[in-house]
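Worksheet for the structure shown next.
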Amino acid sequence: MLFGDASSVALEISLSATYRGWGRVFIWIDGIRFGQDDFDEELDHFFHRALKDVERNTAHFYVSKHVSGSDYKRLVDLAYDDEFDGAMLGIPEIGGGDFVESTIIRWPYAFDRILLGCVPAESADHIVAFDDERKVSGSKMVDKGTLWSVLKMAGDWCLEHVPPSERL
């Protein structure tokens, strides 16, 4: 089941044949699919965590430059190495820790080894991803709130159509 527009930003849900209420979640960014094909996770827990995480990312700055997935990975790496300089993005007042904590999306199981972020522009958001294993990146500028709307749509569908998680 696909929610959103795969050529922009979308979530894909694949239900598990083994466990009721479990499945795999993938994010599509600019036509590129990101996620793990290796294991299922509890969908109700995923959407609860994911919506909270996106709501938590309320940056108090705007980035005026385009940020690609590989740019985002480099910026996060620089922040963790204490070499981040906000001036690179036109926001000299922001430190690396603030940048990472305000933009990174932590969806641990479905996107293990994939770096996801939502980097705010003035009237839009850059949704970015970098898959370290495949060395593939994606970035799409979307209207503010698009990621949250897609998550909410998929989560509501799961709430209505997918039974609570339990092992069969």
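Within each chain, counting starts at residue 1; across the structure tokens, chains are named A, B, ... in the order shown, with ligands numbered 1 upward in that order.
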
Problem set entry | Shell of 7 Å around range 17-26 of chain A, only C-alpha atoms, local chain residues under 5 positions omitted, as a PyMOL selection string | chain A and resi 11-12+33-35+40-43+110+162-168

Would you write out those residues with N, CA and C atoms, as a PDB file, in the first residue's frame?
ATOM      1  N   LEU A  11       5.059   6.964   1.659  1.00  0.00           N
ATOM      2  CA  LEU A  11       5.354   5.813   2.514  1.00  0.00           C
ATOM      3  C   LEU A  11       4.705   4.596   1.894  1.00  0.00           C
ATOM      4  N   GLU A  12       5.413   3.502   1.931  1.00  0.00           N
ATOM      5  CA  GLU A  12       4.909   2.222   1.440  1.00  0.00           C
ATOM      6  C   GLU A  12       4.847   1.254   2.612  1.00  0.00           C
ATOM      7  N   ARG A  33      13.437   4.455  -3.403  1.00  0.00           N
ATOM      8  CA  ARG A  33      12.865   3.739  -2.251  1.00  0.00           C
ATOM      9  C   ARG A  33      13.945   3.472  -1.205  1.00  0.00           C
ATOM     10  N   PHE A  34      13.648   3.848   0.052  1.00  0.00           N
ATOM     11  CA  PHE A  34      14.557   3.637   1.171  1.00  0.00           C
ATOM     12  C   PHE A  34      13.857   2.792   2.223  1.00  0.00           C
ATOM     13  N   GLY A  35      14.582   1.886   2.837  1.00  0.00           N
ATOM     14  CA  GLY A  35      14.040   1.060   3.909  1.00  0.00           C
ATOM     15  C   GLY A  35      14.701  -0.297   3.937  1.00  0.00           C
ATOM     16  N   ASP A  40      10.419  -7.521   9.641  1.00  0.00           N
ATOM     17  CA  ASP A  40       9.163  -6.815   9.912  1.00  0.00           C
ATOM     18  C   ASP A  40       9.250  -6.090  11.248  1.00  0.00           C
ATOM     19  N   GLU A  41       8.374  -5.111  11.423  1.00  0.00           N
ATOM     20  CA  GLU A  41       8.263  -4.448  12.715  1.00  0.00           C
ATOM     21  C   GLU A  41       6.795  -4.180  13.016  1.00  0.00           C
ATOM     22  N   GLU A  42       6.522  -3.900  14.272  1.00  0.00           N
ATOM     23  CA  GLU A  42       5.156  -3.640  14.708  1.00  0.00           C
ATOM     24  C   GLU A  42       4.699  -2.296  14.147  1.00  0.00           C
ATOM     25  N   LEU A  43       3.697  -2.331  13.282  1.00  0.00           N
ATOM     26  CA  LEU A  43       3.279  -1.116  12.591  1.00  0.00           C
ATOM     27  C   LEU A  43       2.666  -0.084  13.526  1.00  0.00           C
ATOM     28  N   ALA A 110      12.906   0.226  10.817  1.00  0.00           N
ATOM     29  CA  ALA A 110      12.627   0.239   9.380  1.00  0.00           C
ATOM     30  C   ALA A 110      13.739   0.903   8.590  1.00  0.00           C
ATOM     31  N   VAL A 162      -5.355  -2.535  10.037  1.00  0.00           N
ATOM     32  CA  VAL A 162      -4.372  -3.500  10.506  1.00  0.00           C
ATOM     33  C   VAL A 162      -4.643  -3.781  11.988  1.00  0.00           C
ATOM     34  N   PRO A 163      -4.804  -5.049  12.352  1.00  0.00           N
ATOM     35  CA  PRO A 163      -5.062  -5.351  13.755  1.00  0.00           C
ATOM     36  C   PRO A 163      -3.839  -5.017  14.629  1.00  0.00           C
ATOM     37  N   PRO A 164      -4.052  -4.802  15.920  1.00  0.00           N
ATOM     38  CA  PRO A 164      -2.910  -4.549  16.802  1.00  0.00           C
ATOM     39  C   PRO A 164      -1.888  -5.672  16.666  1.00  0.00           C
ATOM     40  N   SER A 165      -0.632  -5.329  16.851  1.00  0.00           N
ATOM     41  CA  SER A 165       0.434  -6.307  16.646  1.00  0.00           C
ATOM     42  C   SER A 165       0.390  -7.436  17.646  1.00  0.00           C
ATOM     43  N   GLU A 166       0.554  -8.627  17.121  1.00  0.00           N
ATOM     44  CA  GLU A 166       0.701  -9.843  17.931  1.00  0.00           C
ATOM     45  C   GLU A 166       1.247 -10.926  17.015  1.00  0.00           C
ATOM     46  N   ARG A 167       1.973 -11.832  17.601  1.00  0.00           N
ATOM     47  CA  ARG A 167       2.513 -12.933  16.799  1.00  0.00           C
ATOM     48  C   ARG A 167       1.433 -13.984  16.606  1.00  0.00           C
ATOM     49  N   LEU A 168       1.317 -14.483  15.386  1.00  0.00           N
ATOM     50  CA  LEU A 168       0.320 -15.539  15.086  1.00  0.00           C
ATOM     51  C   LEU A 168       0.791 -16.888  15.557  1.00  0.00           C
TER      52      LEU A 168
END

For this session: Show which residues sit within 9 Å of range 47-61 of chain A, as a list in words. Count only C-alpha atoms, and ignore same-chain residues fewer than 5 positions away.
Result: Glu42, Ile91, Ile94, Asp98, Phe99, Glu101, Ser102, Thr103, Ile104, Ile105, Arg106, Trp107, Cys118, Val119, Pro120, Ala121, Glu122, Leu147, Trp148, Leu151, Lys152, Ala154, Gly155, Asp156 and Cys158 of chain A

Please save C-alpha atoms of the selected residues as an mmCIF file, in the first residue's frame.
data_model
loop_
_atom_site.group_PDB
_atom_site.id
_atom_site.type_symbol
_atom_site.label_atom_id
_atom_site.label_comp_id
_atom_site.auth_asym_id
_atom_site.auth_seq_id
_atom_site.Cartn_x
_atom_site.Cartn_y
_atom_site.Cartn_z
ATOM 1 C CA GLU A 42 5.156 -3.640 14.708
ATOM 2 C CA ILE A 91 22.956 30.098 9.326
ATOM 3 C CA ILE A 94 23.402 27.376 14.548
ATOM 4 C CA ASP A 98 21.272 21.930 17.196
ATOM 5 C CA PHE A 99 21.254 21.222 13.470
ATOM 6 C CA GLU A 101 18.725 17.368 16.786
ATOM 7 C CA SER A 102 16.369 19.700 14.901
ATOM 8 C CA THR A 103 16.451 17.845 11.594
ATOM 9 C CA ILE A 104 17.287 14.158 12.036
ATOM 10 C CA ILE A 105 14.471 11.603 11.904
ATOM 11 C CA ARG A 106 15.051 8.558 14.067
ATOM 12 C CA TRP A 107 13.002 5.596 12.851
ATOM 13 C CA CYS A 118 13.709 16.981 7.351
ATOM 14 C CA VAL A 119 15.623 20.217 6.783
ATOM 15 C CA PRO A 120 13.432 23.337 6.924
ATOM 16 C CA ALA A 121 13.449 26.025 4.277
ATOM 17 C CA GLU A 122 11.385 29.189 4.718
ATOM 18 C CA LEU A 147 5.971 14.326 5.604
ATOM 19 C CA TRP A 148 3.713 14.550 8.663
ATOM 20 C CA LEU A 151 2.752 9.624 7.928
ATOM 21 C CA LYS A 152 -0.640 10.494 9.391
ATOM 22 C CA ALA A 154 -0.559 5.839 6.469
ATOM 23 C CA GLY A 155 -0.885 5.601 10.261
ATOM 24 C CA ASP A 156 -4.641 6.210 10.124
ATOM 25 C CA CYS A 158 -3.060 1.081 9.668
#

For this session: Taking the DSSP assignment computed from this structure's backbone, write out as a PyMOL selection string all residues of range 14-165 of chain A that belong to strand (DSSP E).
Result: chain A and resi 14-15+19-20+22-29+32-34+41-42+104-105+114-120+124-131+136-143

Kindly export the residues of the current selection with C-alpha atoms, as a PDB file, in the first residue's frame.
ATOM      1  CA  SER A  14       4.000  -4.145   3.132  1.00  0.00           C
ATOM      2  CA  LEU A  15       2.066  -6.309   5.597  1.00  0.00           C
ATOM      3  CA  TYR A  19       2.829 -11.739  12.159  1.00  0.00           C
ATOM      4  CA  ARG A  20      -0.503  -9.947  12.513  1.00  0.00           C
ATOM      5  CA  TRP A  22       3.551  -6.357  11.627  1.00  0.00           C
ATOM      6  CA  GLY A  23       5.045  -5.266   8.326  1.00  0.00           C
ATOM      7  CA  ARG A  24       7.724  -3.325   6.555  1.00  0.00           C
ATOM      8  CA  VAL A  25       7.742   0.404   5.976  1.00  0.00           C
ATOM      9  CA  PHE A  26       9.581   2.155   3.174  1.00  0.00           C
ATOM     10  CA  ILE A  27       9.896   5.835   2.337  1.00  0.00           C
ATOM     11  CA  TRP A  28      10.028   7.045  -1.247  1.00  0.00           C
ATOM     12  CA  ILE A  29      11.916  10.274  -1.874  1.00  0.00           C
ATOM     13  CA  ILE A  32      13.998   6.373  -4.768  1.00  0.00           C
ATOM     14  CA  ARG A  33      12.865   3.739  -2.251  1.00  0.00           C
ATOM     15  CA  PHE A  34      14.557   3.637   1.171  1.00  0.00           C
ATOM     16  CA  GLU A  41       8.263  -4.448  12.715  1.00  0.00           C
ATOM     17  CA  GLU A  42       5.156  -3.640  14.708  1.00  0.00           C
ATOM     18  CA  ILE A 104      17.287  14.158  12.036  1.00  0.00           C
ATOM     19  CA  ILE A 105      14.471  11.603  11.904  1.00  0.00           C
ATOM     20  CA  ILE A 114      19.662   4.939   6.592  1.00  0.00           C
ATOM     21  CA  LEU A 115      20.035   8.578   7.526  1.00  0.00           C
ATOM     22  CA  LEU A 116      16.740  10.498   7.255  1.00  0.00           C
ATOM     23  CA  GLY A 117      16.193  14.176   7.754  1.00  0.00           C
ATOM     24  CA  CYS A 118      13.709  16.981   7.351  1.00  0.00           C
ATOM     25  CA  VAL A 119      15.623  20.217   6.783  1.00  0.00           C
ATOM     26  CA  PRO A 120      13.432  23.337   6.924  1.00  0.00           C
ATOM     27  CA  ALA A 124       9.077  24.254   2.440  1.00  0.00           C
ATOM     28  CA  ASP A 125      10.971  21.261   3.793  1.00  0.00           C
ATOM     29  CA  HIS A 126      13.849  19.318   2.265  1.00  0.00           C
ATOM     30  CA  ILE A 127      13.142  15.634   2.915  1.00  0.00           C
ATOM     31  CA  VAL A 128      16.512  13.905   2.625  1.00  0.00           C
ATOM     32  CA  ALA A 129      17.869  10.385   2.928  1.00  0.00           C
ATOM     33  CA  PHE A 130      21.210   8.672   2.584  1.00  0.00           C
ATOM     34  CA  ASP A 131      21.490   4.889   2.458  1.00  0.00           C
ATOM     35  CA  VAL A 136      22.248   6.079  -2.600  1.00  0.00           C
ATOM     36  CA  SER A 137      20.805   9.441  -1.620  1.00  0.00           C
ATOM     37  CA  GLY A 138      17.573  11.279  -2.255  1.00  0.00           C
ATOM     38  CA  SER A 139      16.233  14.746  -1.610  1.00  0.00           C
ATOM     39  CA  LYS A 140      12.938  16.414  -2.368  1.00  0.00           C
ATOM     40  CA  MET A 141      11.674  19.892  -1.550  1.00  0.00           C
ATOM     41  CA  VAL A 142       8.036  19.623  -0.448  1.00  0.00           C
ATOM     42  CA  ASP A 143       5.421  21.858   1.149  1.00  0.00           C
TER      43      ASP A 143
END

For this session: Can you list, as a ChimeraX atom specification, all residues belonging to chain A that DSSP tags as helix (DSSP H, G or I)?
Result: /A:43-56,69-80,86-89,96-103,146-161

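If only C-alpha atoms are the atoms counted, then among A:Asp132, A:Asp5, A:Asp30, A:Glu93 the closest residue to Val63 in chain A is A:Glu93.
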
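Near Ala79 in chain A, within a cut-off of 10 Å and counting only C-alpha atoms, sit the residues Lys73, Arg74, Phe84, Asp85, Gly86, Gly95, Gly96, Gly97, Asp98, Phe99 and Val100 of chain A, with same-chain residues fewer than 5 positions away left out.
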
Expected file contents, prior selection, N, CA and C atoms, as a PDB file, in the first residue's frame:
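File written: part.pdb
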ATOM      1  N   LYS A  73      24.266  13.950   4.840  1.00  0.00           N
ATOM      2  CA  LYS A  73      25.157  13.000   5.507  1.00  0.00           C
ATOM      3  C   LYS A  73      26.464  13.690   5.897  1.00  0.00           C
ATOM      4  N   ARG A  74      27.020  14.481   4.978  1.00  0.00           N
ATOM      5  CA  ARG A  74      28.274  15.186   5.257  1.00  0.00           C
ATOM      6  C   ARG A  74      28.095  16.168   6.416  1.00  0.00           C
ATOM      7  N   PHE A  84      31.249  21.112  12.370  1.00  0.00           N
ATOM      8  CA  PHE A  84      30.120  21.741  11.693  1.00  0.00           C
ATOM      9  C   PHE A  84      30.223  23.256  11.808  1.00  0.00           C
ATOM     10  N   ASP A  85      29.950  23.951  10.716  1.00  0.00           N
ATOM     11  CA  ASP A  85      29.906  25.406  10.709  1.00  0.00           C
ATOM     12  C   ASP A  85      28.611  25.819  10.018  1.00  0.00           C
ATOM     13  N   GLY A  86      27.679  26.373  10.782  1.00  0.00           N
ATOM     14  CA  GLY A  86      26.391  26.779  10.240  1.00  0.00           C
ATOM     15  C   GLY A  86      26.483  27.743   9.077  1.00  0.00           C
ATOM     16  N   GLY A  95      24.639  25.687  15.756  1.00  0.00           N
ATOM     17  CA  GLY A  95      25.716  24.730  15.970  1.00  0.00           C
ATOM     18  C   GLY A  95      25.346  23.368  15.412  1.00  0.00           C
ATOM     19  N   GLY A  96      26.316  22.504  15.321  1.00  0.00           N
ATOM     20  CA  GLY A  96      26.109  21.165  14.767  1.00  0.00           C
ATOM     21  C   GLY A  96      25.106  20.344  15.552  1.00  0.00           C
ATOM     22  N   GLY A  97      25.190  20.399  16.879  1.00  0.00           N
ATOM     23  CA  GLY A  97      24.259  19.636  17.710  1.00  0.00           C
ATOM     24  C   GLY A  97      22.829  20.081  17.502  1.00  0.00           C
ATOM     25  N   ASP A  98      22.616  21.403  17.450  1.00  0.00           N
ATOM     26  CA  ASP A  98      21.272  21.930  17.196  1.00  0.00           C
ATOM     27  C   ASP A  98      20.771  21.530  15.821  1.00  0.00           C
ATOM     28  N   PHE A  99      21.650  21.589  14.825  1.00  0.00           N
ATOM     29  CA  PHE A  99      21.254  21.222  13.470  1.00  0.00           C
ATOM     30  C   PHE A  99      20.791  19.768  13.427  1.00  0.00           C
ATOM     31  N   VAL A 100      21.593  18.860  13.977  1.00  0.00           N
ATOM     32  CA  VAL A 100      21.255  17.438  13.940  1.00  0.00           C
ATOM     33  C   VAL A 100      19.972  17.165  14.727  1.00  0.00           C
TER      34      VAL A 100
END

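The residue that comes closest to Gly4 in chain A, out of A:Gly31, A:Leu159, A:Phe39, A:Tyr80 and on the basis of only C-alpha atoms, is A:Gly31.
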